[in-house]
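Peer 1: I'd like to ask you about the structure that follows.
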Amino acid sequence: EIPLAEIKKIISSQPNEIFNFNKLRADIQNIENLYKDQGYFLAKVYKVNVPDQKNQVLTFFIGEGVLDEIVVTGNYGTQDYVILREMKSKTGHALKDTAIKADLRNIFNLNYFSDLAPDFIPGKQPNHYILQIKVAEKSPSSVNFGGGYGETSGMFLFADVYWDNMFGTGQLVSLKGQCARQFKTSTYQFKYHNPWMWADRKSFTFRAWHTTGEQSYLNQLSNISLAFRDEIRNGFDATIGIPFGDDIKTSHKIKIENINVTEENNVYSIQSYTPAIAY
């Protein structure tokens, strides 16, 4: 991971000089510090061959802290690939602290787990490691019922069925319903979300809804700008999310909604495209 020339610059032991153990101890410390300064927190000099009468070569054996395998435990519902695809650390490469921290943050931000703990288990070769990630899962689904009273809507009731991480695949399905007595309104909505529909965390979200009852609108023909009318609304939207790195994400949404104004027997449609960028 670090060029040989860069390592040799910090080694005080030099050819054609008398070997010195004090220099050797300093060289070992300098090599390990060089790796740690660049984020390779498990790298170490695990063996040194020193010059003797038969061997005139000073050899440092550096273990860079190579990742051999990733093991996930405690995920009784979530599939392994849903967790592992969030990791940029790859087997066969040296472990780096910034990459591991970013990987663990991405896994925790899935919001499927209440806790996660990494552990580094020594592998079969010197300074090779198995990364074990222990997770504690949250409940992936919920059912909510409720109601209340609003000054404009009067009495209302709602129900919400929410199933996140469906079958442990990271997908989401939800059903929502709400009705209000005063304006005899009702709304029903279905939502599907896949955070990794395509490669590189490209997401897809689909919503469909059906709404009936009195809706507010701007009435330009009367002195009162806000009025109500009976409407039936059916529509859907579809959104594709495209990330740029870990911090920036763009989205592109297509929406189609048909509105039937029942009192006027008037039907019209809304089609829209909405781009967005989020940090």
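Ligands are numbered from 1 in the order shown, chains are lettered A, B, ... in the order of the structure tokens, and residues start at 1 in each chain.
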Can you pull out the residues contacting A:Ser89? Cut-off 9 Å, using only C-alpha atoms, and skip same-chain residues under 6 positions away; I want them as a list in words.
Peer 2: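 Neighbouring residues, sequence-local ones excluded: Leu67, Leu95, Lys96, Ala99, Ile100 and Asp103 of chain A.
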Peer 1: Write out as a list in words all residues of stretch 59-94 of chain A that backbone DSSP assigns to strand (DSSP E).
Peer 2: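 Matching residues, listed in order: Thr59, Phe60, Phe61, Ile62, Gly63, Val66, Leu67, Asp68, Glu69, Ile70, Val71, Val72 and Thr73 of chain A.
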Peer 1: Might you pull out every residue within 10 Å of A:Pro140, with only C-alpha atoms counted and same-chain residues fewer than 3 positions away left off, and present them as a ChimeraX atom specification?
Peer 2: /A:77-78,111-113,137,162-168,170,172
Peer 1: Go ahead and save the residues from that selection, with C-alpha atoms, as a compact mmCIF listing (two decimals), in the first residue's frame.
Peer 2:
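Final output, saved to part04.txt:
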# COMPACT_ATOMS: atom_id res chain seq x y z
CA GLY A 77 -33.97 -11.16 9.15
CA THR A 78 -31.71 -9.07 6.92
CA ASN A 111 -31.91 2.13 9.96
CA TYR A 112 -32.44 -1.62 10.21
CA PHE A 113 -30.23 -2.06 13.29
CA GLU A 137 -31.92 -5.82 14.36
CA TYR A 162 -45.42 -0.08 7.26
CA TRP A 163 -43.10 -2.93 6.24
CA ASP A 164 -39.48 -1.89 5.90
CA ASN A 165 -36.69 -4.28 4.90
CA MET A 166 -39.24 -6.63 3.32
CA PHE A 167 -38.06 -10.27 3.52
CA GLY A 168 -34.67 -8.90 4.56
CA GLY A 170 -33.97 -3.76 2.02
CA LEU A 172 -40.10 -1.08 1.66
Peer 1: Can you work out the spacing between atom CA of A:Gly235 and atom CA of A:Lys255 in Å, to one decimal?
Peer 2: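 Straight-line distance from atom CA of A:Gly235 to atom CA of A:Lys255 works out to 7.5 Å.
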Peer 1: Please run DSSP on the backbone and report, as a VMD selection string, all residues within stretch 36-195 of chain A that come out as helix (DSSP H, G or I).
Peer 2: chain A and resid 36 to 37 80 to 84 97 to 108
Peer 1: I want to know what sits within 9 Å of stretch 34-36 of chain A, based on only C-alpha atoms, with residues of the same chain fewer than 4 positions away left out; could you give that as a list in words?
Peer 2: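 Selected residues are Glu1, Ile2, Ile7, Ile10, Gln29, Asn30, Tyr40, Phe41, Leu42, Ala43, Lys44, Glu64 and Lys96 of chain A.
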Peer 1: Output the selection as an mmCIF file, in the first residue's frame - N, CA and C atoms for each residue.
Peer 2:
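The result, written out as again_7.cif:
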data_model
loop_
_atom_site.group_PDB
_atom_site.id
_atom_site.type_symbol
_atom_site.label_atom_id
_atom_site.label_comp_id
_atom_site.auth_asym_id
_atom_site.auth_seq_id
_atom_site.Cartn_x
_atom_site.Cartn_y
_atom_site.Cartn_z
ATOM 1 N N GLU A 1 0.821 -1.212 0.000
ATOM 2 C CA GLU A 1 0.000 0.000 0.000
ATOM 3 C C GLU A 1 0.857 1.265 0.000
ATOM 4 N N ILE A 2 2.075 1.187 0.524
ATOM 5 C CA ILE A 2 2.975 2.337 0.558
ATOM 6 C C ILE A 2 4.205 2.001 -0.276
ATOM 7 N N ILE A 7 9.101 4.146 2.230
ATOM 8 C CA ILE A 7 9.462 3.460 3.469
ATOM 9 C C ILE A 7 10.960 3.600 3.741
ATOM 10 N N ILE A 10 12.514 6.640 5.720
ATOM 11 C CA ILE A 10 12.417 6.788 7.173
ATOM 12 C C ILE A 10 13.223 5.731 7.916
ATOM 13 N N GLN A 29 9.551 1.230 14.696
ATOM 14 C CA GLN A 29 8.538 2.195 15.158
ATOM 15 C C GLN A 29 8.187 3.188 14.058
ATOM 16 N N ASN A 30 9.177 3.642 13.314
ATOM 17 C CA ASN A 30 8.928 4.614 12.236
ATOM 18 C C ASN A 30 8.074 4.003 11.123
ATOM 19 N N TYR A 40 -3.679 2.939 8.056
ATOM 20 C CA TYR A 40 -3.597 1.472 8.116
ATOM 21 C C TYR A 40 -3.333 1.064 9.563
ATOM 22 N N PHE A 41 -4.392 1.029 10.354
ATOM 23 C CA PHE A 41 -4.291 0.951 11.807
ATOM 24 C C PHE A 41 -3.885 -0.433 12.308
ATOM 25 N N LEU A 42 -3.953 -1.468 11.474
ATOM 26 C CA LEU A 42 -3.574 -2.811 11.894
ATOM 27 C C LEU A 42 -2.215 -3.234 11.332
ATOM 28 N N ALA A 43 -1.546 -2.345 10.604
ATOM 29 C CA ALA A 43 -0.249 -2.686 10.022
ATOM 30 C C ALA A 43 0.823 -2.746 11.111
ATOM 31 N N LYS A 44 1.768 -3.664 10.965
ATOM 32 C CA LYS A 44 2.868 -3.785 11.913
ATOM 33 C C LYS A 44 4.018 -4.555 11.270
ATOM 34 N N GLU A 64 0.473 -5.601 6.461
ATOM 35 C CA GLU A 64 -0.267 -4.357 6.290
ATOM 36 C C GLU A 64 -1.688 -4.407 6.869
ATOM 37 N N LYS A 96 -8.263 0.060 6.242
ATOM 38 C CA LYS A 96 -7.997 1.474 6.486
ATOM 39 C C LYS A 96 -9.088 2.033 7.389
#
Peer 1: So how far away is atom CA of A:Tyr217 from atom CA of A:Asp230, in Å?
Peer 2: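 Between atom CA of A:Asp230 and atom CA of A:Tyr217 the gap is 10.4 Å.
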Peer 1: What is the distance, in Å and to one decimal place, between atom CA of A:His210 and atom CA of A:Trp198?
Peer 2: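 Atom-to-atom, atom CA of A:His210 to atom CA of A:Trp198, that is 28.8 Å.
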Peer 1: Do you know which residues are at most 12 Å from A:Arg25 counting only C-alpha atoms, after dropping those on the same chain fewer than 2 positions away, and could you put them as a VMD selection string?
Peer 2: chain A and resid 11 to 13 19 to 23 27 to 32 45 47 to 48 50 60
Peer 1: Could you write out the selected residues, including C-alpha atoms, as a PDB file, in the first residue's frame?
Peer 2:
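See again_23.pdb below for the written result:
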ATOM      1  CA  ILE A  11      14.800   3.860   7.824  1.00  0.00           C
ATOM      2  CA  SER A  12      17.978   5.001   9.569  1.00  0.00           C
ATOM      3  CA  SER A  13      19.779   1.661   9.122  1.00  0.00           C
ATOM      4  CA  PHE A  19      24.300  -2.875  12.307  1.00  0.00           C
ATOM      5  CA  ASN A  20      22.802  -1.236  15.412  1.00  0.00           C
ATOM      6  CA  PHE A  21      19.886  -2.621  17.443  1.00  0.00           C
ATOM      7  CA  ASN A  22      18.878   0.819  18.726  1.00  0.00           C
ATOM      8  CA  LYS A  23      18.472   1.999  15.142  1.00  0.00           C
ATOM      9  CA  ASP A  27      13.141   1.852  12.304  1.00  0.00           C
ATOM     10  CA  ILE A  28      10.377  -0.573  13.317  1.00  0.00           C
ATOM     11  CA  GLN A  29       8.538   2.195  15.158  1.00  0.00           C
ATOM     12  CA  ASN A  30       8.928   4.614  12.236  1.00  0.00           C
ATOM     13  CA  ILE A  31       7.566   2.080   9.738  1.00  0.00           C
ATOM     14  CA  GLU A  32       4.529   1.295  11.887  1.00  0.00           C
ATOM     15  CA  VAL A  45       6.372  -5.148  11.443  1.00  0.00           C
ATOM     16  CA  LYS A  47       9.303 -10.136  11.863  1.00  0.00           C
ATOM     17  CA  VAL A  48      12.862  -8.925  11.203  1.00  0.00           C
ATOM     18  CA  VAL A  50      18.992  -9.191  11.104  1.00  0.00           C
ATOM     19  CA  PHE A  60      11.664  -6.160   7.508  1.00  0.00           C
TER      20      PHE A  60
END
Peer 1: Excluding stretch 199-201 of chain A and residues on its chain fewer than 2 positions from it, collect all residues at most 9 Å away from it, counting only C-alpha atoms, and give them as an mmCIF file with all heavy atoms, in the first residue's frame.
Peer 2:
data_model
loop_
_atom_site.group_PDB
_atom_site.id
_atom_site.type_symbol
_atom_site.label_atom_id
_atom_site.label_comp_id
_atom_site.auth_asym_id
_atom_site.auth_seq_id
_atom_site.Cartn_x
_atom_site.Cartn_y
_atom_site.Cartn_z
ATOM 1 N N ARG A 85 -23.192 -4.993 0.638
ATOM 2 C CA ARG A 85 -23.126 -4.077 -0.497
ATOM 3 C C ARG A 85 -22.902 -2.632 -0.067
ATOM 4 O O ARG A 85 -22.569 -1.778 -0.895
ATOM 5 C CB ARG A 85 -24.395 -4.184 -1.341
ATOM 6 C CG ARG A 85 -25.646 -3.651 -0.681
ATOM 7 C CD ARG A 85 -26.879 -3.962 -1.507
ATOM 8 N NE ARG A 85 -28.103 -3.448 -0.896
ATOM 9 C CZ ARG A 85 -29.338 -3.680 -1.367
ATOM 10 N NH1 ARG A 85 -29.491 -4.423 -2.446
ATOM 11 N NH2 ARG A 85 -30.396 -3.174 -0.763
ATOM 12 N N GLU A 86 -23.080 -2.339 1.215
ATOM 13 C CA GLU A 86 -22.812 -0.996 1.730
ATOM 14 C C GLU A 86 -21.332 -0.765 2.011
ATOM 15 O O GLU A 86 -20.931 0.356 2.318
ATOM 16 C CB GLU A 86 -23.605 -0.759 3.023
ATOM 17 C CG GLU A 86 -25.113 -0.789 2.863
ATOM 18 C CD GLU A 86 -25.637 0.385 2.063
ATOM 19 O OE1 GLU A 86 -24.976 1.445 2.058
ATOM 20 O OE2 GLU A 86 -26.708 0.246 1.435
ATOM 21 N N PRO A 195 -34.066 0.797 -2.248
ATOM 22 C CA PRO A 195 -32.919 1.715 -2.177
ATOM 23 C C PRO A 195 -31.755 1.305 -3.063
ATOM 24 O O PRO A 195 -30.816 2.076 -3.248
ATOM 25 C CB PRO A 195 -32.516 1.643 -0.699
ATOM 26 C CG PRO A 195 -32.946 0.276 -0.270
ATOM 27 C CD PRO A 195 -34.211 -0.004 -1.030
ATOM 28 N N TRP A 196 -31.805 0.085 -3.605
ATOM 29 C CA TRP A 196 -30.708 -0.410 -4.436
ATOM 30 C C TRP A 196 -31.308 -1.179 -5.605
ATOM 31 O O TRP A 196 -31.037 -2.355 -5.823
ATOM 32 C CB TRP A 196 -29.777 -1.301 -3.622
ATOM 33 C CG TRP A 196 -28.368 -1.343 -4.142
ATOM 34 C CD1 TRP A 196 -27.967 -1.777 -5.353
ATOM 35 C CD2 TRP A 196 -27.183 -0.953 -3.451
ATOM 36 N NE1 TRP A 196 -26.613 -1.698 -5.476
ATOM 37 C CE2 TRP A 196 -26.095 -1.189 -4.320
ATOM 38 C CE3 TRP A 196 -26.933 -0.438 -2.183
ATOM 39 C CZ2 TRP A 196 -24.771 -0.916 -3.960
ATOM 40 C CZ3 TRP A 196 -25.626 -0.173 -1.833
ATOM 41 C CH2 TRP A 196 -24.559 -0.408 -2.710
ATOM 42 N N MET A 197 -32.145 -0.474 -6.381
ATOM 43 C CA MET A 197 -32.833 -1.118 -7.500
ATOM 44 C C MET A 197 -31.837 -1.533 -8.580
ATOM 45 O O MET A 197 -31.968 -2.584 -9.195
ATOM 46 C CB MET A 197 -33.858 -0.151 -8.092
ATOM 47 C CG MET A 197 -34.753 -0.771 -9.148
ATOM 48 S SD MET A 197 -35.983 -1.859 -8.388
ATOM 49 C CE MET A 197 -36.996 -2.268 -9.816
ATOM 50 N N SER A 203 -31.727 4.121 -6.702
ATOM 51 C CA SER A 203 -32.974 3.745 -6.037
ATOM 52 C C SER A 203 -34.185 3.953 -6.937
ATOM 53 O O SER A 203 -34.122 4.687 -7.938
ATOM 54 C CB SER A 203 -33.146 4.543 -4.746
ATOM 55 O OG SER A 203 -33.286 5.926 -5.035
ATOM 56 N N GLY A 241 -33.531 7.635 -7.994
ATOM 57 C CA GLY A 241 -32.489 8.360 -7.283
ATOM 58 C C GLY A 241 -31.118 7.905 -7.748
ATOM 59 O O GLY A 241 -30.858 6.702 -7.858
ATOM 60 N N ILE A 242 -30.227 8.858 -8.015
ATOM 61 C CA ILE A 242 -28.879 8.559 -8.493
ATOM 62 C C ILE A 242 -27.890 9.270 -7.579
ATOM 63 O O ILE A 242 -27.863 10.501 -7.537
ATOM 64 C CB ILE A 242 -28.684 9.013 -9.952
ATOM 65 C CG1 ILE A 242 -29.715 8.347 -10.863
ATOM 66 C CG2 ILE A 242 -27.261 8.707 -10.428
ATOM 67 C CD1 ILE A 242 -29.678 8.831 -12.296
ATOM 68 N N PRO A 243 -27.074 8.527 -6.819
ATOM 69 C CA PRO A 243 -26.122 9.171 -5.908
ATOM 70 C C PRO A 243 -24.825 9.546 -6.612
ATOM 71 O O PRO A 243 -24.436 8.935 -7.606
ATOM 72 C CB PRO A 243 -25.873 8.082 -4.856
ATOM 73 C CG PRO A 243 -26.035 6.805 -5.613
ATOM 74 C CD PRO A 243 -27.084 7.059 -6.680
#
